[in-house]
file model00.txt (compact mmCIF, C-alpha atoms and all ligand atoms)
# COMPACT_ATOMS: atom_id res chain seq x y z
CA MET A 1 -13.36 29.39 -11.43
CA ILE A 2 -14.92 31.25 -14.38
CA LYS A 3 -14.50 35.04 -14.06
CA THR A 4 -17.10 37.26 -15.69
CA ASP A 5 -18.90 40.60 -15.49
CA VAL A 6 -22.38 39.18 -14.95
CA VAL A 7 -23.92 35.79 -14.15
CA VAL A 8 -27.51 35.42 -15.33
CA VAL A 9 -29.44 32.75 -13.41
CA GLY A 10 -32.08 31.32 -15.74
CA ALA A 11 -32.10 31.02 -19.54
CA GLY A 12 -35.80 31.70 -20.09
CA PRO A 13 -36.75 34.46 -22.56
CA CYS A 14 -35.92 37.23 -20.06
CA GLY A 15 -32.54 35.74 -19.12
CA LEU A 16 -31.63 35.38 -22.79
CA PHE A 17 -32.65 38.96 -23.57
CA GLN A 18 -30.68 40.09 -20.52
CA VAL A 19 -27.56 38.68 -22.18
CA PHE A 20 -28.35 40.80 -25.25
CA GLU A 21 -28.82 44.03 -23.32
CA LEU A 22 -25.62 43.45 -21.30
CA GLY A 23 -23.74 42.56 -24.48
CA LEU A 24 -24.79 45.82 -26.15
CA LEU A 25 -23.18 47.65 -23.22
CA GLY A 26 -19.98 45.63 -23.62
CA LEU A 27 -20.46 43.34 -20.60
CA LYS A 28 -19.49 39.67 -20.63
CA THR A 29 -22.09 37.21 -19.38
CA GLU A 30 -22.36 33.60 -18.27
CA ILE A 31 -25.90 32.19 -18.28
CA ILE A 32 -26.92 29.13 -16.26
CA ASP A 33 -30.08 27.02 -16.28
CA THR A 34 -31.22 23.86 -14.52
CA LEU A 35 -32.93 22.73 -17.71
CA ARG A 36 -30.94 21.02 -20.44
CA GLN A 37 -32.19 23.52 -23.00
CA PRO A 38 -32.74 27.29 -23.11
CA GLY A 39 -36.18 28.95 -23.27
CA GLY A 40 -37.59 28.43 -19.75
CA GLN A 41 -41.38 28.09 -19.73
CA CYS A 42 -41.53 28.74 -23.50
CA THR A 43 -39.69 25.52 -24.40
CA GLU A 44 -40.55 23.47 -21.32
CA LEU A 45 -44.28 24.18 -21.11
CA TYR A 46 -45.49 25.40 -24.52
CA PRO A 47 -42.88 24.86 -27.29
CA ASP A 48 -45.47 24.59 -30.10
CA LYS A 49 -48.09 27.04 -28.82
CA PRO A 50 -48.39 30.42 -30.56
CA ILE A 51 -47.51 33.66 -28.73
CA TYR A 52 -49.19 36.80 -30.12
CA ASP A 53 -47.91 39.60 -27.89
CA ILE A 54 -44.20 39.90 -28.60
CA PRO A 55 -43.71 43.41 -30.04
CA ALA A 56 -43.38 43.39 -33.84
CA ILE A 57 -43.73 39.59 -34.09
CA PRO A 58 -47.40 38.95 -34.94
CA MET A 59 -47.05 35.27 -34.03
CA CYS A 60 -44.31 32.87 -32.99
CA THR A 61 -44.21 29.64 -30.99
CA GLY A 62 -42.32 29.21 -27.71
CA ASP A 63 -39.58 27.33 -29.59
CA GLU A 64 -39.37 29.98 -32.33
CA LEU A 65 -39.06 32.82 -29.81
CA THR A 66 -36.23 30.97 -28.06
CA GLU A 67 -34.41 30.29 -31.34
CA ALA A 68 -34.72 33.96 -32.33
CA LEU A 69 -33.37 35.12 -28.96
CA LEU A 70 -30.43 32.70 -29.23
CA LYS A 71 -29.67 34.06 -32.70
CA GLN A 72 -29.86 37.62 -31.37
CA ILE A 73 -27.35 36.97 -28.56
CA GLU A 74 -24.86 35.04 -30.74
CA PRO A 75 -22.53 38.05 -31.26
CA PHE A 76 -21.82 38.26 -27.54
CA SER A 77 -20.51 34.67 -27.12
CA ALA A 78 -21.99 34.29 -23.64
CA GLY A 79 -20.98 31.18 -21.72
CA MET A 80 -24.00 28.83 -21.71
CA HIS A 81 -24.33 26.31 -18.88
CA TYR A 82 -27.36 24.05 -19.17
CA GLY A 83 -28.34 21.22 -16.82
CA GLU A 84 -26.78 23.18 -13.94
CA GLU A 85 -28.76 24.50 -10.99
CA VAL A 86 -27.33 27.55 -9.25
CA SER A 87 -27.25 26.51 -5.61
CA VAL A 88 -24.96 29.05 -3.92
CA VAL A 89 -24.72 32.84 -4.25
CA GLU A 90 -22.21 34.49 -1.88
CA ARG A 91 -20.76 37.96 -1.60
CA ILE A 92 -16.94 37.97 -1.68
CA ASP A 93 -16.62 41.73 -1.06
CA ASP A 94 -18.37 44.97 -2.12
CA GLU A 95 -17.48 44.33 -5.77
CA LEU A 96 -17.52 40.58 -6.28
CA PHE A 97 -19.78 37.56 -5.86
CA ARG A 98 -19.17 33.83 -5.94
CA VAL A 99 -21.77 31.66 -7.66
CA GLU A 100 -21.73 27.88 -7.50
CA THR A 101 -23.86 25.26 -9.22
CA ALA A 102 -25.03 21.98 -7.72
CA GLY A 103 -22.76 20.27 -10.27
CA GLY A 104 -19.69 22.07 -8.81
CA LYS A 105 -19.10 24.85 -11.41
CA GLU A 106 -17.83 28.06 -9.83
CA PHE A 107 -18.05 31.64 -11.07
CA GLU A 108 -16.60 34.92 -9.83
CA THR A 109 -18.78 37.76 -11.01
CA ARG A 110 -19.25 41.49 -10.55
CA ALA A 111 -23.06 41.36 -10.70
CA ILE A 112 -25.84 38.77 -10.79
CA VAL A 113 -29.19 38.88 -12.55
CA ILE A 114 -31.76 36.40 -11.33
CA ALA A 115 -34.09 35.54 -14.21
CA GLY A 116 -35.40 32.42 -12.50
CA GLY A 117 -39.03 32.71 -13.65
CA VAL A 118 -41.35 30.55 -11.61
CA GLY A 119 -38.34 28.72 -10.24
CA SER A 120 -36.03 25.92 -11.11
CA PHE A 121 -37.72 23.07 -12.98
CA GLN A 122 -37.34 19.87 -10.96
CA PRO A 123 -38.53 16.32 -11.70
CA ARG A 124 -41.84 15.52 -9.98
CA PRO A 125 -41.01 12.89 -7.34
CA ILE A 126 -42.74 9.54 -6.97
CA ARG A 127 -44.79 9.31 -3.80
CA VAL A 128 -44.06 5.79 -2.63
CA THR A 129 -42.89 4.93 0.90
CA ASP A 130 -39.07 4.83 1.23
CA ALA A 131 -38.55 5.89 -2.41
CA GLU A 132 -35.96 8.46 -1.26
CA ASN A 133 -33.78 5.62 0.12
CA TYR A 134 -33.07 4.51 -3.43
CA ALA A 135 -32.95 7.93 -5.14
CA GLY A 136 -29.78 8.54 -7.13
CA LYS A 137 -28.64 4.90 -6.79
CA THR A 138 -31.32 2.61 -8.22
CA LEU A 139 -34.21 5.10 -8.52
CA HIS A 140 -33.53 7.76 -11.15
CA TYR A 141 -35.23 10.97 -12.29
CA ARG A 142 -32.81 11.51 -15.19
CA VAL A 143 -30.50 9.30 -17.19
CA LYS A 144 -26.86 10.31 -16.91
CA ILE A 145 -25.09 7.12 -18.03
CA PRO A 146 -27.36 4.99 -20.26
CA GLN A 147 -24.77 2.16 -20.29
CA GLN A 148 -25.37 1.48 -16.59
CA PHE A 149 -28.75 -0.06 -17.51
CA ALA A 150 -27.36 -2.58 -20.03
CA GLY A 151 -28.15 -6.16 -19.01
CA LYS A 152 -30.38 -4.97 -16.12
CA LYS A 153 -34.06 -5.30 -15.30
CA ILE A 154 -35.46 -1.80 -15.65
CA ALA A 155 -38.81 -0.18 -14.96
CA VAL A 156 -39.78 3.08 -16.63
CA LEU A 157 -42.68 4.97 -15.04
CA GLY A 158 -44.58 7.60 -17.06
CA GLY A 159 -46.20 8.15 -20.44
CA GLY A 160 -44.67 11.36 -21.80
CA ASP A 161 -41.83 11.94 -24.25
CA SER A 162 -39.01 11.34 -21.74
CA ALA A 163 -40.53 8.07 -20.49
CA LEU A 164 -41.10 6.62 -23.94
CA ASP A 165 -37.88 7.95 -25.49
CA TRP A 166 -35.85 6.24 -22.76
CA ALA A 167 -37.99 3.07 -22.79
CA VAL A 168 -37.38 2.68 -26.52
CA GLU A 169 -33.69 3.52 -26.25
CA LEU A 170 -32.86 1.36 -23.21
CA ALA A 171 -35.02 -1.74 -23.89
CA PRO A 172 -32.79 -3.33 -26.59
CA ALA A 173 -29.72 -3.47 -24.28
CA ALA A 174 -31.64 -4.22 -21.04
CA GLU A 175 -32.33 -7.71 -19.73
CA HIS A 176 -35.97 -6.64 -19.66
CA LEU A 177 -37.93 -3.40 -19.45
CA THR A 178 -41.26 -2.82 -17.71
CA LEU A 179 -43.25 0.28 -18.62
CA VAL A 180 -45.89 1.50 -16.16
CA HIS A 181 -48.30 4.27 -17.16
CA ARG A 182 -51.34 5.53 -15.27
CA ARG A 183 -53.40 5.94 -18.48
CA ASP A 184 -53.84 3.91 -21.66
CA GLU A 185 -53.09 6.94 -23.84
CA TYR A 186 -49.65 8.47 -24.18
CA ARG A 187 -48.51 12.10 -24.37
CA ALA A 188 -45.35 10.98 -26.18
CA ALA A 189 -44.89 11.43 -29.95
CA PRO A 190 -46.97 8.85 -31.89
CA ALA A 191 -43.86 7.55 -33.72
CA THR A 192 -42.21 6.72 -30.36
CA VAL A 193 -45.40 5.02 -29.13
CA ASP A 194 -45.29 2.86 -32.29
CA LYS A 195 -41.67 1.90 -31.56
CA MET A 196 -42.61 1.01 -27.98
CA ARG A 197 -45.47 -1.19 -29.25
CA ALA A 198 -43.06 -2.98 -31.62
CA LEU A 199 -40.70 -3.72 -28.71
CA GLU A 200 -43.68 -4.92 -26.66
CA ALA A 201 -44.68 -7.27 -29.49
CA ASP A 202 -41.07 -8.61 -29.56
CA GLY A 203 -41.25 -9.29 -25.80
CA ALA A 204 -38.55 -6.73 -24.91
CA ILE A 205 -41.03 -4.52 -23.03
CA THR A 206 -43.88 -5.48 -20.71
CA VAL A 207 -46.49 -2.71 -20.52
CA PHE A 208 -48.84 -2.02 -17.61
CA GLU A 209 -51.47 0.62 -18.43
CA LYS A 210 -53.98 2.28 -16.08
CA ALA A 211 -51.41 1.27 -13.49
CA LYS A 212 -49.04 2.69 -10.91
CA ALA A 213 -46.09 1.53 -8.83
CA THR A 214 -47.30 1.37 -5.23
CA ALA A 215 -44.30 -0.10 -3.36
CA PHE A 216 -40.62 -0.88 -3.74
CA ASP A 217 -38.75 -3.81 -2.25
CA GLY A 218 -35.01 -3.83 -1.66
CA SER A 219 -32.17 -3.57 0.78
CA GLY A 220 -29.94 -0.58 1.46
CA ASP A 221 -30.06 1.56 -1.68
CA ALA A 222 -30.67 -1.40 -4.03
CA ILE A 223 -34.17 -1.95 -5.38
CA THR A 224 -34.99 -5.58 -6.09
CA GLY A 225 -38.71 -5.45 -6.74
CA MET A 226 -41.71 -3.24 -7.36
CA THR A 227 -45.43 -3.72 -6.80
CA VAL A 228 -47.63 -2.58 -9.68
CA GLN A 229 -51.31 -1.90 -9.11
CA VAL A 230 -53.42 -2.07 -12.27
CA THR A 231 -56.89 -0.53 -11.83
CA ASP A 232 -59.49 -3.13 -10.81
CA SER A 233 -56.89 -5.94 -10.69
CA GLU A 234 -54.75 -7.75 -8.14
CA PRO A 235 -51.31 -6.16 -7.47
CA VAL A 236 -48.43 -7.66 -9.45
CA ASP A 237 -44.82 -8.01 -8.19
CA VAL A 238 -42.13 -7.26 -10.75
CA GLU A 239 -38.39 -7.89 -10.38
CA VAL A 240 -36.36 -4.74 -11.06
CA ASP A 241 -32.77 -3.53 -10.62
CA HIS A 242 -33.43 0.12 -11.56
CA VAL A 243 -36.53 2.31 -11.67
CA LEU A 244 -36.64 5.41 -13.90
CA VAL A 245 -39.35 7.93 -13.02
CA PHE A 246 -40.51 10.47 -15.63
CA PHE A 247 -43.54 12.26 -14.17
CA GLY A 248 -42.66 15.60 -15.77
CA LEU A 249 -41.06 18.71 -14.31
CA ALA A 250 -42.52 21.23 -11.88
CA PRO A 251 -40.99 24.59 -11.01
CA LYS A 252 -39.80 25.28 -7.46
CA LEU A 253 -38.26 28.49 -6.16
CA GLY A 254 -35.56 26.19 -4.79
CA PRO A 255 -32.18 27.56 -3.70
CA ILE A 256 -33.06 31.17 -4.67
CA ALA A 257 -35.02 31.38 -1.41
CA GLU A 258 -31.77 30.86 0.54
CA TRP A 259 -29.71 33.73 -0.88
CA GLY A 260 -30.77 36.27 1.76
CA LEU A 261 -32.94 38.35 -0.58
CA ASP A 262 -36.17 40.14 0.29
CA ILE A 263 -38.67 37.50 -0.89
CA ASN A 264 -42.38 38.21 -1.36
CA ARG A 265 -44.11 34.81 -1.45
CA LYS A 266 -42.34 33.19 -4.41
CA THR A 267 -41.04 36.41 -5.95
CA ILE A 268 -38.17 38.79 -5.22
CA ASN A 269 -38.85 42.44 -4.42
CA VAL A 270 -37.05 44.89 -6.72
CA ASP A 271 -37.13 48.61 -7.43
CA THR A 272 -38.35 49.81 -10.81
CA GLU A 273 -35.38 51.99 -11.67
CA LYS A 274 -32.63 49.36 -11.61
CA PHE A 275 -34.55 46.13 -10.91
CA GLU A 276 -32.10 45.62 -8.06
CA THR A 277 -32.97 43.30 -5.16
CA SER A 278 -32.39 44.04 -1.49
CA GLU A 279 -28.72 43.01 -2.07
CA PRO A 280 -26.75 45.65 -4.01
CA GLY A 281 -25.30 44.07 -7.15
CA ILE A 282 -27.99 41.37 -7.39
CA TYR A 283 -30.81 42.15 -9.81
CA ALA A 284 -33.99 40.24 -10.75
CA VAL A 285 -35.95 40.38 -14.02
CA GLY A 286 -38.89 38.53 -15.54
CA ASP A 287 -41.49 36.42 -13.74
CA ILE A 288 -39.35 36.06 -10.60
CA ASN A 289 -39.47 39.72 -9.57
CA PHE A 290 -42.17 41.77 -7.88
CA TYR A 291 -42.95 45.49 -7.76
CA PRO A 292 -46.25 47.40 -7.68
CA GLY A 293 -47.96 46.89 -11.03
CA LYS A 294 -45.86 43.87 -12.00
CA LYS A 295 -47.23 41.83 -14.91
CA LYS A 296 -45.80 38.38 -15.67
CA LEU A 297 -45.42 38.96 -19.40
CA ILE A 298 -42.39 38.40 -21.60
CA LEU A 299 -42.43 41.95 -22.97
CA CYS A 300 -42.36 43.38 -19.42
CA GLY A 301 -39.32 41.19 -18.65
CA PHE A 302 -37.57 42.54 -21.77
CA HIS A 303 -38.04 46.12 -20.55
CA GLU A 304 -36.75 45.18 -17.09
CA ALA A 305 -33.68 43.53 -18.64
CA ALA A 306 -32.82 46.74 -20.55
CA LEU A 307 -32.97 48.92 -17.42
CA ALA A 308 -31.11 46.35 -15.28
CA ALA A 309 -28.30 46.29 -17.88
CA PHE A 310 -27.84 50.08 -17.65
CA ALA A 311 -27.81 49.88 -13.85
CA ILE A 312 -25.20 47.08 -13.91
CA LYS A 313 -23.00 49.01 -16.34
CA SER A 314 -23.09 52.04 -13.99
CA ARG A 315 -22.30 49.84 -11.00
CA ILE A 316 -19.34 48.13 -12.68
CA GLU A 317 -17.96 51.31 -14.26
CA PRO A 318 -19.06 54.04 -11.79
CA ASP A 319 -16.73 56.68 -13.28
CA LYS A 320 -18.19 56.43 -16.78
CA LYS A 321 -21.47 58.00 -17.83
CA VAL A 322 -23.65 55.42 -19.59
CA HIS A 323 -25.29 57.05 -22.58
CA VAL A 324 -28.19 55.59 -24.50
CA GLN A 325 -26.93 54.71 -27.95
CA TYR A 326 -29.03 53.59 -30.89
CA THR A 327 -28.17 50.26 -32.50
CA THR A 328 -29.13 51.90 -35.80
CA THR A 329 -26.35 54.47 -35.72
CA SER A 330 -23.80 53.72 -32.98
CA PRO A 331 -20.40 52.52 -34.35
CA ILE A 332 -19.50 50.94 -30.98
CA MET A 333 -22.74 48.96 -30.94
CA HIS A 334 -22.10 47.87 -34.53
CA GLU A 335 -18.67 46.65 -33.44
CA ARG A 336 -20.16 44.74 -30.48
CA LEU A 337 -22.86 43.26 -32.72
CA GLY A 338 -20.28 42.40 -35.39
CA VAL A 339 -22.23 44.20 -38.12
CA GLU A 340 -21.29 46.78 -40.74
CA GLY A 341 -22.58 50.27 -39.97
P1 LIG B 1 -38.91 31.37 -17.21
O1 LIG B 1 -39.38 31.26 -18.59
O2 LIG B 1 -39.73 30.73 -16.14
O3 LIG B 1 -37.42 30.80 -17.13
C1 LIG B 1 -36.76 30.76 -15.91
C2 LIG B 1 -35.64 29.77 -15.99
O4 LIG B 1 -34.84 29.88 -14.80
C3 LIG B 1 -36.11 28.32 -16.07
O5 LIG B 1 -35.61 27.71 -17.24
C4 LIG B 1 -35.55 27.69 -14.79
O6 LIG B 1 -35.11 26.34 -14.99
C5 LIG B 1 -34.38 28.60 -14.47
N1 LIG B 1 -33.99 28.59 -13.06
C6 LIG B 1 -34.72 28.91 -11.97
N2 LIG B 1 -34.01 28.79 -10.84
C7 LIG B 1 -32.78 28.39 -11.23
C8 LIG B 1 -31.58 28.08 -10.53
N3 LIG B 1 -31.49 28.15 -9.18
N4 LIG B 1 -30.50 27.69 -11.25
C9 LIG B 1 -30.56 27.60 -12.60
N5 LIG B 1 -31.67 27.87 -13.31
C10 LIG B 1 -32.75 28.27 -12.63
N6 LIG B 1 -46.23 35.35 -21.70
C11 LIG B 1 -46.46 36.27 -22.67
O7 LIG B 1 -45.93 37.37 -22.62
N7 LIG B 1 -47.28 35.96 -23.74
C12 LIG B 1 -47.89 34.74 -23.87
O8 LIG B 1 -48.64 34.50 -24.82
C13 LIG B 1 -47.64 33.75 -22.88
N8 LIG B 1 -48.20 32.52 -22.98
C14 LIG B 1 -47.95 31.59 -21.99
C15 LIG B 1 -48.51 30.31 -22.09
C16 LIG B 1 -48.30 29.37 -21.11
C17 LIG B 1 -48.92 28.00 -21.24
C18 LIG B 1 -47.47 29.70 -19.99
C19 LIG B 1 -47.22 28.67 -18.92
C20 LIG B 1 -46.90 30.95 -19.88
C21 LIG B 1 -47.13 31.91 -20.87
N9 LIG B 1 -46.56 33.19 -20.79
C22 LIG B 1 -46.79 34.11 -21.79
C23 LIG B 1 -45.71 33.58 -19.65
C24 LIG B 1 -44.24 33.55 -20.07
O9 LIG B 1 -43.88 32.25 -20.53
C25 LIG B 1 -43.38 33.95 -18.90
O10 LIG B 1 -43.72 35.29 -18.56
C26 LIG B 1 -41.91 33.89 -19.28
O11 LIG B 1 -41.52 32.59 -19.60
C27 LIG B 1 -41.06 34.41 -18.13
O12 LIG B 1 -39.73 34.35 -18.56
P2 LIG B 1 -38.54 34.28 -17.52
O13 LIG B 1 -37.30 34.29 -18.35
O14 LIG B 1 -38.74 35.32 -16.50
O15 LIG B 1 -38.73 32.88 -16.75
call {"tool": "encode", "arguments": {"input": "model00.txt", "output": "structure tokens", "more": "lines below"}}
Ligand code: FAD
result
Amino acid sequence: MIKTDVVVVGAGPCGLFQVFELGLLGLKTEIIDTLRQPGGQCTELYPDKPIYDIPAIPMCTGDELTEALLKQIEPFSAGMHYGEEVSVVERIDDELFRVETAGGKEFETRAIVIAGGVGSFQPRPIRVTDAENYAGKTLHYRVKIPQQFAGKKIAVLGGGDSALDWAVELAPAAEHLTLVHRRDEYRAAPATVDKMRALEADGAITVFEKAKATAFDGSGDAITGMTVQVTDSEPVDVEVDHVLVFFGLAPKLGPIAEWGLDINRKTINVDTEKFETSEPGIYAVGDINFYPGKKKLILCGFHEAALAAFAIKSRIEPDKKVHVQYTTTSPIMHERLGVEG
């Protein structure tokens, strides 16, 4: 059980800036994200695209904004938990909450900020009859233990970076690898496509393009075969032990909908003084919240994070008055930031 002042759910730009604002007020934070990297939409959907409306930064990419935010929060040594979806949020008493991730991590916290954006990014599932029977056993949406595929017949479905990175990495140790892609052009990095072509030329990979997997064969949770339909051709049966599906990630509100909050379609209603939800002690900032006039912009989320931090400080330390202090001149802020005044 990790004990902390605040758990921030979501490490998109608003969640990261929330850590900064809480840190300035002397509060300890743990931040959790389903994705394996921080940055939310910025790194998942547009890492190389330029953003022009971050105050005082004329232009930065999604990746650059994330790196700058990570640098900015460094002094506060927040606990970072990536690849972990927050599944349970429970009130212990008036002061404390219990937060649990799907991977089994537990937190005891005095406040929660939901910065879940458009939801938790989940792998897009394959729509083939009975696919769910094999999921997690011989049908995989992520690779946890690459060694389990050594000496096996593997199929990789998809044409993006994840699909080709894993195809290239797993093919040399596999008995054989079949790559199935619905187009004949790839979204993956050209260098990885070249490596895949070299493995194809060596006979380590068989490639089906303009193709899709239309059926699985197997017994229990073990896949033994897959039918591949190439456009304008007869279906082909391929022997496989494991199928790896990389159709990209799509956001889903997911478990947040089950935490008893006042939900407005896919957003959480908050007030505009504290950005508190219908549950005292649980706050929401960034794209996930809703209030009259809400705009889903990063700079609006930054403002919300600042006000939520003040509200949380007042909640946790009700006897102390929380004064606004300038980072320029405040010795206590300099100490928290680890800088010379
Ligand atoms: P997100 O960035 O969505 O991050 C939320 C995070 O929460 C995700 O990483 C998700 O995995 C995680 N999460 C959700 N649920 C859970 C859970 N249960 N457990 C653990 N983690 C969870 N905005 C601008 O201001 N300027 C722009 O120029 C701009 N350009 C854009 C271009 C594109 C193509 C897109 C798609 C968006 C753009 N935006 C822009 C919008 C901007 O990216 C969003 O406003 C911003 O990302 C919202 O930040 P956030 O931190 O609220 O949420």
call {"tool": "residues_around", "arguments": {"input": "model00.txt", "residues": "Phe121 (chain A)", "least_positions_apart": "4", "cutoff": "10 Å", "atoms": "all atoms listed in the file", "output": "number ranges by chain"}}
result
A: 33-35, 40-41, 44, 85, 116-117, 248-254
call {"tool": "residues_around", "arguments": {"input": "model00.txt", "residues": "Thr101 (chain A)", "least_positions_apart": "6", "cutoff": "12 Å", "atoms": "only C-alpha atoms", "output": "PyMOL selection string"}}
result
chain A and resi 1-2+7+9+31-34+81-90+107+255-256
call {"tool": "residues_around", "arguments": {"input": "model00.txt", "residues": "Ile54 (chain A)", "least_positions_apart": "4", "cutoff": "9 Å", "atoms": "only C-alpha atoms", "output": "PyMOL selection string"}}
result
chain A and resi 58-60+65+298-299
call {"tool": "write_last_selection", "arguments": {"input": "model00.txt", "atoms": "C-alpha atoms", "output": "CSV table (one decimal), in the frame of the given file"}}
result
chain,number,residue,atom,x,y,z
A,58,PRO,CA,-47.4,39.0,-34.9
A,59,MET,CA,-47.0,35.3,-34.0
A,60,CYS,CA,-44.3,32.9,-33.0
A,65,LEU,CA,-39.1,32.8,-29.8
A,298,ILE,CA,-42.4,38.4,-21.6
A,299,LEU,CA,-42.4,42.0,-23.0
call {"tool": "atom_distance", "arguments": {"input": "model00.txt", "atom1": "CA of Gly220 (chain A)", "atom2": "CA of Asp165 (chain A)"}}
result
29.4 Å
call {"tool": "residues_around", "arguments": {"input": "model00.txt", "residues": "Ala163 (chain A)", "least_positions_apart": "2", "cutoff": "10 Å", "atoms": "only C-alpha atoms", "output": "list in words"}}
result
Arg142, Val156, Leu157, Gly158, Gly159, Gly160, Asp161, Asp165, Trp166, Ala167, Val168, Leu179, Val180, His181, Tyr186, Arg187, Ala188, Leu244, Val245, Phe246, Phe247 and Gly248 of chain A
call {"tool": "build_atoms", "arguments": {"input": "model00.txt", "residues": "region 274-289 of chain A", "atoms": "N, CA and C atoms", "output": "tab-separated table (two decimals), keeping the file's coordinate frame"}}
result
chain	number	residue	atom	x	y	z
A	274	LYS	N	-33.77	50.22	-11.26
A	274	LYS	CA	-32.63	49.36	-11.61
A	274	LYS	C	-32.99	47.87	-11.63
A	275	PHE	N	-34.14	47.53	-11.09
A	275	PHE	CA	-34.55	46.13	-10.91
A	275	PHE	C	-33.53	45.39	-10.03
A	276	GLU	N	-33.05	46.16	-9.03
A	276	GLU	CA	-32.10	45.62	-8.06
A	276	GLU	C	-32.87	45.03	-6.89
A	277	THR	N	-32.34	43.94	-6.33
A	277	THR	CA	-32.97	43.30	-5.16
A	277	THR	C	-32.51	44.04	-3.90
A	278	SER	N	-32.82	43.43	-2.75
A	278	SER	CA	-32.39	44.04	-1.49
A	278	SER	C	-30.87	43.96	-1.32
A	279	GLU	N	-30.19	43.14	-2.13
A	279	GLU	CA	-28.72	43.01	-2.07
A	279	GLU	C	-28.11	43.81	-3.21
A	280	PRO	N	-27.37	44.89	-2.92
A	280	PRO	CA	-26.75	45.65	-4.01
A	280	PRO	C	-25.90	44.75	-4.90
A	281	GLY	N	-26.08	44.89	-6.21
A	281	GLY	CA	-25.30	44.07	-7.15
A	281	GLY	C	-26.03	42.83	-7.61
A	282	ILE	N	-27.18	42.51	-6.94
A	282	ILE	CA	-27.99	41.37	-7.39
A	282	ILE	C	-29.33	41.92	-7.90
A	283	TYR	N	-29.63	41.62	-9.14
A	283	TYR	CA	-30.81	42.15	-9.81
A	283	TYR	C	-31.77	40.99	-10.11
A	284	ALA	N	-33.03	41.30	-10.39
A	284	ALA	CA	-33.99	40.24	-10.75
A	284	ALA	C	-34.91	40.77	-11.84
A	285	VAL	N	-35.07	39.98	-12.90
A	285	VAL	CA	-35.95	40.38	-14.02
A	285	VAL	C	-36.88	39.23	-14.38
A	286	GLY	N	-37.96	39.56	-15.08
A	286	GLY	CA	-38.89	38.53	-15.54
A	286	GLY	C	-39.84	38.09	-14.45
A	287	ASP	N	-40.42	36.90	-14.63
A	287	ASP	CA	-41.49	36.42	-13.74
A	287	ASP	C	-41.08	36.35	-12.27
A	288	ILE	N	-39.80	36.26	-11.99
A	288	ILE	CA	-39.35	36.06	-10.60
A	288	ILE	C	-39.45	37.32	-9.76
A	289	ASN	N	-39.54	38.51	-10.39
A	289	ASN	CA	-39.47	39.72	-9.57
A	289	ASN	C	-40.87	40.25	-9.23
